[in-house]
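**Student:** Could you have a look at this structure, given as structure tokens, before my questions?
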Amino acid sequence: MAADCLLVGYNDSIFSDSLQIVRAMGKGSGAYRDLNLAFIEMEGKPYRCMDLLNYFLGTSTPPVTKKFDNSDFISSAILYLSSFLHKRGFNVDHVNLVHRDKAKFAAKLETETPHAIAITTTFYVSPYPVREIVQFIRAKGFAGPIIIGGPYISNQSKVYDQANLATLFEFVGGDIYINSSEGEATLAKVLGALRDGSDLNEVPNLAFRRPGGFDFTAVSPERNELADEPVNYALFGNQAIGQFVSLRSAKSCPFACAFCGFPQRAGKYVYVDVAELGRHLDSIAELNSVTTLTFIDDTFNVPKKRFRDILRLMIERNYGFRWNCFYRADHGDDATIDLMAKAGCEGVFLGVESGSDAMLKKMNKTARRSDYLGAIKKFREVSISTYVSLLVGFPGETLDTVQQTVDLLETTAPNYYRANLLYLDPITDAWKNRETLGLSGEGFSWKHATMDSGRASEIIDWMFASVRNSVWLPQHGFEQWAIFYLQRHGFSERRVDTFIRGFNASIKAKLMLNQTELSPELASTLRQVAAGTRLESIDLSPITRIERLTTVGLREKFGSFEQAVA
């Protein structure tokens, strides 16, 4: 029986193609300099960290056939939308990872012919991966309607007028676009209208193709209560779900950081109660396959009492899950962190942004440096891994405030960190107040009284090359979740960290020593680390030598942070 709707999940574009697009922006652009810290070339081909790990494993003796992937779990959007639509009587099928399941995808298009295809856009920041999916679908002869919705479409709809949206939609190639921050009810209405032959003009929150362009329907806020729409894991079974589940217990964020547009896009902050989340966790436990949970709530530990009650429930029911989450350091304490450890937490994402209280205040962050000093120390005591995310370049940023951030890293020594270039987003408070802040430009290209994006990029390069007490976590295909994912697949944390350090050493050699290609020496070391050779028997000097040259060497040569970036 043909599906009413084939849901399409994530597509990781061919990296060399993505690199070419960003490189065309100019090697001095913020977008390219950000990406430049995430790849190294070998024999003329670019490799990200996970790509390189897979290459060495695949060419080992005997070769490892499994391809490890940062997105190797069933999408939470697929889980949720499938459950939502099934509850309303629709027959739904899915393709989870386009880049890995193309043969399966093609077979569904050529032999099963769904009535409509819906593409989710949860993880995209550009239209190219979505366009690739549309082109693939059309190349396989599918002539039915292609529906596209999700965060990427909703975000564009909030900042562009209809004329610009129509240009974007034409470029992507879809037929029906859902421009709502939620949109699942709208998708159900679209499928119903397609099935019944009724007029799409009657469905709100749409742009749909017509001869010569797109029609836009009325805008009507959509809100679907989390508690009313639980995921039906029985639709999938434990084989399809596997070890890893991402889930959310809340929508939006109750805070108003000046650089962030998430609350504006996601709407009012709401969350399910502890009992409802307990039922959700029970249903996951009943699968008897899941080992690892990622809570994708932006503020899982807010409100405090609810979070502590969740932890006590997890301890009492003894699920046995290992889990990770986002954590607000100013909304917790040592006792809560002790509970987290007992409940199975293995890692936290900390949106620290800056080690300067002055900058945290300017960003409208509620946490302060002392909150991070205490939390990171306590997390280390209970063996919970910490990842610190930083932001460089917000108005008011100076070399002194950046040095305070570097000092925070060196003092607290979180397991992992990454510094990100300020992105000037039109929906944020920073954009709305740009005249007051003296901000000009947009995206990754901006300037203000104390810094511009070029200077901030230089500072990020320096931080990457010089911080000693924390491991830079590569972006683009290797997020924090990948650390736990690889551990579930038999990698020790030390082995993962050593491989990341080696990969980072190759980037440092590219930045500081003009070595654009991975050296044979370093490649040999990384191959042994990937293969699982005992670390004590591997010559790690190619890694440590580059670290010494680019870390100690910088400090010896320039003497101070200010001189290093001058």
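FYI, nothing fancy with the structure tokens labels: chains A, B, ... in order, residues from 1 per chain, ligands from 1 as they appear.
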I'd like the neighbourhood of range 143-158 of chain A as JSON, numbers by chain, where a residue qualifies if any of its atoms comes within 7 Å (using only C-alpha atoms), though same-chain residues fewer than 4 positions away should be ignored.
**Tutor:** {"A": [115, 116, 117, 118, 119, 120, 121, 122, 124, 125, 138, 165, 174, 175, 176, 177, 178, 179, 180, 181, 265]}
**Student:** Show me, as a VMD selection string, the residues that have an atom within 12 Å of range 369-380 of chain A when counting only C-alpha atoms, minus same-chain residues fewer than 4 positions from it.
**Tutor:** chain A and resid 327 to 341 345 to 361 365 384 to 389 401 404 to 405 407 to 416
**Student:** Nearest to Leu187 in chain A among A:Asn96, A:Arg88, A:Gly267, A:Ser492, with distances taken over only C-alpha atoms: which residue is it?
**Tutor:**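 When distances to Leu187 in chain A are compared using only C-alpha atoms, the smallest one comes from A:Arg88.
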**Student:** Could you make a table, as a Markdown table, of the residues of range 3-99 of chain A that have an atom within 10 Å of an atom of range 220-230 of chain A, each with its nearest atom pair and distance in Å to one decimal, counting only C-alpha atoms, in chain and number order?
**Tutor:**
| residue | atom | partner | partner_atom | distance |
| --- | --- | --- | --- | --- |
| A:Leu79 | CA | A:Pro230 | CA | 9.5 |
| A:Tyr80 | CA | A:Pro230 | CA | 7.5 |
| A:Leu81 | CA | A:Glu229 | CA | 9.5 |
| A:Ser83 | CA | A:Pro230 | CA | 7.4 |
| A:Phe84 | CA | A:Glu229 | CA | 6.4 |
| A:Lys87 | CA | A:Glu229 | CA | 8.8 |
**Student:** Quick one: distance from CA of Pro204 in chain A to CA of Phe123 in chain A in Å, one decimal?
**Tutor:** 24.2 Å
**Student:** Can you work out which one of A:Cys49, A:Ala163, A:Val98, A:Ile310 has the shortest atom-to-atom distance to Glu479 in chain A, counting only C-alpha atoms?
**Tutor:** A:Cys49
**Student:** Just want the 12 Å neighbourhood of Val64 in chain A, counted on only C-alpha atoms, with same-chain residues fewer than 4 positions away dropped. Output as a PDB file with N, CA and C atoms, in the first residue's frame.
**Tutor:**
ATOM      1  N   LEU A  53      38.294   9.652  10.272  1.00  0.00           N
ATOM      2  CA  LEU A  53      38.214   8.432  11.075  1.00  0.00           C
ATOM      3  C   LEU A  53      37.678   7.280  10.231  1.00  0.00           C
ATOM      4  N   ASN A  54      36.616   7.519   9.476  1.00  0.00           N
ATOM      5  CA  ASN A  54      36.047   6.474   8.619  1.00  0.00           C
ATOM      6  C   ASN A  54      37.021   6.039   7.530  1.00  0.00           C
ATOM      7  N   TYR A  55      37.777   6.993   6.991  1.00  0.00           N
ATOM      8  CA  TYR A  55      38.751   6.641   5.948  1.00  0.00           C
ATOM      9  C   TYR A  55      39.804   5.686   6.501  1.00  0.00           C
ATOM     10  N   PHE A  56      40.358   6.015   7.666  1.00  0.00           N
ATOM     11  CA  PHE A  56      41.406   5.155   8.223  1.00  0.00           C
ATOM     12  C   PHE A  56      40.853   3.793   8.639  1.00  0.00           C
ATOM     13  N   LEU A  57      39.632   3.769   9.166  1.00  0.00           N
ATOM     14  CA  LEU A  57      39.027   2.483   9.533  1.00  0.00           C
ATOM     15  C   LEU A  57      38.716   1.659   8.291  1.00  0.00           C
ATOM     16  N   GLY A  58      38.240   2.326   7.247  1.00  0.00           N
ATOM     17  CA  GLY A  58      37.874   1.611   6.022  1.00  0.00           C
ATOM     18  C   GLY A  58      39.046   1.091   5.239  1.00  0.00           C
ATOM     19  N   THR A  59      40.225   1.649   5.468  1.00  0.00           N
ATOM     20  CA  THR A  59      41.426   1.190   4.752  1.00  0.00           C
ATOM     21  C   THR A  59      42.367   0.418   5.675  1.00  0.00           C
ATOM     22  N   SER A  60      41.861   0.026   6.844  1.00  0.00           N
ATOM     23  CA  SER A  60      42.671  -0.761   7.776  1.00  0.00           C
ATOM     24  C   SER A  60      42.619  -2.235   7.379  1.00  0.00           C
ATOM     25  N   PHE A  68      30.815   5.456  10.502  1.00  0.00           N
ATOM     26  CA  PHE A  68      30.314   6.202  11.649  1.00  0.00           C
ATOM     27  C   PHE A  68      29.836   7.574  11.189  1.00  0.00           C
ATOM     28  N   ALA A 530      43.008   5.302  15.177  1.00  0.00           N
ATOM     29  CA  ALA A 530      41.699   4.887  14.660  1.00  0.00           C
ATOM     30  C   ALA A 530      41.535   3.377  14.757  1.00  0.00           C
ATOM     31  N   ALA A 531      42.593   2.647  14.457  1.00  0.00           N
ATOM     32  CA  ALA A 531      42.525   1.187  14.420  1.00  0.00           C
ATOM     33  C   ALA A 531      42.453   0.552  15.806  1.00  0.00           C
ATOM     34  N   GLY A 532      42.673   1.341  16.853  1.00  0.00           N
ATOM     35  CA  GLY A 532      42.569   0.800  18.203  1.00  0.00           C
ATOM     36  C   GLY A 532      43.870   0.267  18.758  1.00  0.00           C
TER      37      GLY A 532
END
**Student:** Find the distance between CA of Gly454 in chain A and CA of Arg434 in chain A and write it in Å to one decimal.
**Tutor:**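 Taking CA of Gly454 in chain A as the start and CA of Arg434 in chain A as the end point, the length is 18.4 Å.
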**Student:** Would you pick out the contacts of Asp199 in chain A at 10 Å or less, using only C-alpha atoms, so that residues sharing its chain but fewer than 5 positions from it are not included, and give the list as a list in words?
**Tutor:**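 Counting only the stated atoms, we get Val190, Ala193 and Leu194 of chain A.
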**Student:** Would you export the selected residues with N, CA, C and O atoms as a PDB file, in the first residue's frame, please?
**Tutor:**
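part.pdb was written with the following content:
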ATOM      1  N   VAL A 190      -2.602  19.732   4.806  1.00  0.00           N
ATOM      2  CA  VAL A 190      -2.159  19.653   3.408  1.00  0.00           C
ATOM      3  C   VAL A 190      -2.386  18.251   2.854  1.00  0.00           C
ATOM      4  O   VAL A 190      -2.921  18.078   1.746  1.00  0.00           O
ATOM      5  N   ALA A 193      -6.008  17.758   2.234  1.00  0.00           N
ATOM      6  CA  ALA A 193      -6.469  18.480   1.052  1.00  0.00           C
ATOM      7  C   ALA A 193      -6.024  17.780  -0.231  1.00  0.00           C
ATOM      8  O   ALA A 193      -6.792  17.691  -1.204  1.00  0.00           O
ATOM      9  N   LEU A 194      -4.799  17.274  -0.254  1.00  0.00           N
ATOM     10  CA  LEU A 194      -4.317  16.547  -1.434  1.00  0.00           C
ATOM     11  C   LEU A 194      -5.121  15.265  -1.648  1.00  0.00           C
ATOM     12  O   LEU A 194      -5.461  14.906  -2.782  1.00  0.00           O
TER      13      LEU A 194
END
**Student:** Which of these, A:Ile460, A:Val172, A:Leu313, A:Cys325, has the shortest distance to Leu247 in chain A once you count only C-alpha atoms?
**Tutor:**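 Using only C-alpha atoms, the shortest distance to Leu247 in chain A belongs to A:Cys325.
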**Student:** To test your reading of the structure, identify every residue in range 292-474 of chain A that backbone DSSP assigns to helix (DSSP H, G or I), and report it as a count of residues only.
**Tutor:** 81
**Student:** Using only C-alpha atoms, can you tell me which of A:Leu206, A:Ala482, A:Leu37, A:Ala258 comes closest to Arg418 in chain A?
**Tutor:**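 So, comparing all the options, the nearest one is A:Leu37.
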**Student:** Which residue gives the smallest distance to Ile538 in chain A among A:Arg100, A:Lys304, A:Arg248, A:Arg495, with only C-alpha atoms counted?
**Tutor:** A:Arg495
**Student:** DSSP on the backbone, then: every residue of range 350-507 of chain A marked strand (DSSP E), written as a list of chain:residue names.
**Tutor:** A:Leu350, A:Gly351, A:Val352, A:Glu353, A:Ser385, A:Thr386, A:Tyr387, A:Val388, A:Ser389, A:Leu390, A:Leu391, A:Val392, A:Tyr416, A:Tyr417, A:Arg418, A:Ala419, A:Asn420, A:Leu421, A:Ser440, A:Gly441, A:Glu442, A:Ser445, A:Trp446, A:Lys447, A:His448, A:Met451, A:Asp452, A:Val471, A:Trp472
**Student:** Of the residues A:Val496, A:Leu486, A:Val406, A:Val382, which is the one nearest to Ser466 in chain A, using only C-alpha atoms?
**Tutor:**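 So, comparing all the options, the nearest one is A:Val406.
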**Student:** Near Ile14 in chain A, within 12 Å and counting only C-alpha atoms, which residues show up once chain neighbours fewer than 6 positions away are dropped, as a short mmCIF file (atom, residue, chain, number, x, y, z; two decimals) with N, CA, C and O atoms, in the first residue's frame?
**Tutor:**
data_model
loop_
_atom_site.label_atom_id
_atom_site.label_comp_id
_atom_site.auth_asym_id
_atom_site.auth_seq_id
_atom_site.Cartn_x
_atom_site.Cartn_y
_atom_site.Cartn_z
N GLN A 20 33.17 24.13 -1.51
CA GLN A 20 33.31 24.98 -2.69
C GLN A 20 32.39 26.19 -2.62
O GLN A 20 32.78 27.31 -2.98
N ILE A 21 31.16 25.97 -2.14
CA ILE A 21 30.21 27.07 -2.02
C ILE A 21 30.71 28.11 -1.02
O ILE A 21 30.67 29.32 -1.29
N LYS A 45 41.86 15.92 -1.31
CA LYS A 45 40.45 15.78 -0.95
C LYS A 45 40.24 16.27 0.48
O LYS A 45 41.02 15.92 1.37
N PRO A 46 39.18 17.07 0.73
CA PRO A 46 38.94 17.56 2.09
C PRO A 46 38.28 16.50 2.96
O PRO A 46 37.37 15.79 2.53
N TYR A 47 38.73 16.42 4.21
CA TYR A 47 38.17 15.48 5.18
C TYR A 47 37.83 16.21 6.46
O TYR A 47 38.66 16.94 7.01
N ARG A 48 36.61 16.01 6.95
CA ARG A 48 36.26 16.42 8.30
C ARG A 48 36.73 15.34 9.28
O ARG A 48 37.20 14.28 8.85
N ASP A 51 34.97 12.03 8.86
CA ASP A 51 35.35 11.50 7.54
C ASP A 51 36.72 10.83 7.61
O ASP A 51 36.93 9.75 7.04
N VAL A 98 19.27 10.66 4.19
CA VAL A 98 19.31 10.63 2.72
C VAL A 98 20.69 10.22 2.22
O VAL A 98 20.81 9.39 1.31
N HIS A 99 21.73 10.79 2.79
CA HIS A 99 23.08 10.55 2.29
C HIS A 99 23.53 9.10 2.50
O HIS A 99 24.44 8.64 1.81
N ARG A 100 22.89 8.39 3.43
CA ARG A 100 23.26 6.99 3.67
C ARG A 100 22.26 6.00 3.08
O ARG A 100 22.60 4.83 2.88
N TYR A 128 20.98 24.43 0.17
CA TYR A 128 21.59 23.48 -0.77
C TYR A 128 21.29 22.02 -0.45
O TYR A 128 20.97 21.23 -1.36
N PRO A 129 21.37 21.57 0.81
CA PRO A 129 21.06 20.16 1.08
C PRO A 129 19.61 19.80 0.74
O PRO A 129 19.33 18.68 0.31
N GLU A 132 19.29 19.49 -3.03
CA GLU A 132 19.84 18.20 -3.46
C GLU A 132 18.79 17.09 -3.35
O GLU A 132 18.68 16.23 -4.23
N HIS A 476 30.90 20.64 12.16
CA HIS A 476 30.57 20.08 10.86
C HIS A 476 30.78 18.57 10.83
O HIS A 476 31.75 18.05 10.29
N GLY A 477 29.85 17.85 11.45
CA GLY A 477 29.92 16.40 11.41
C GLY A 477 30.56 15.76 12.62
O GLY A 477 30.76 14.55 12.64
#
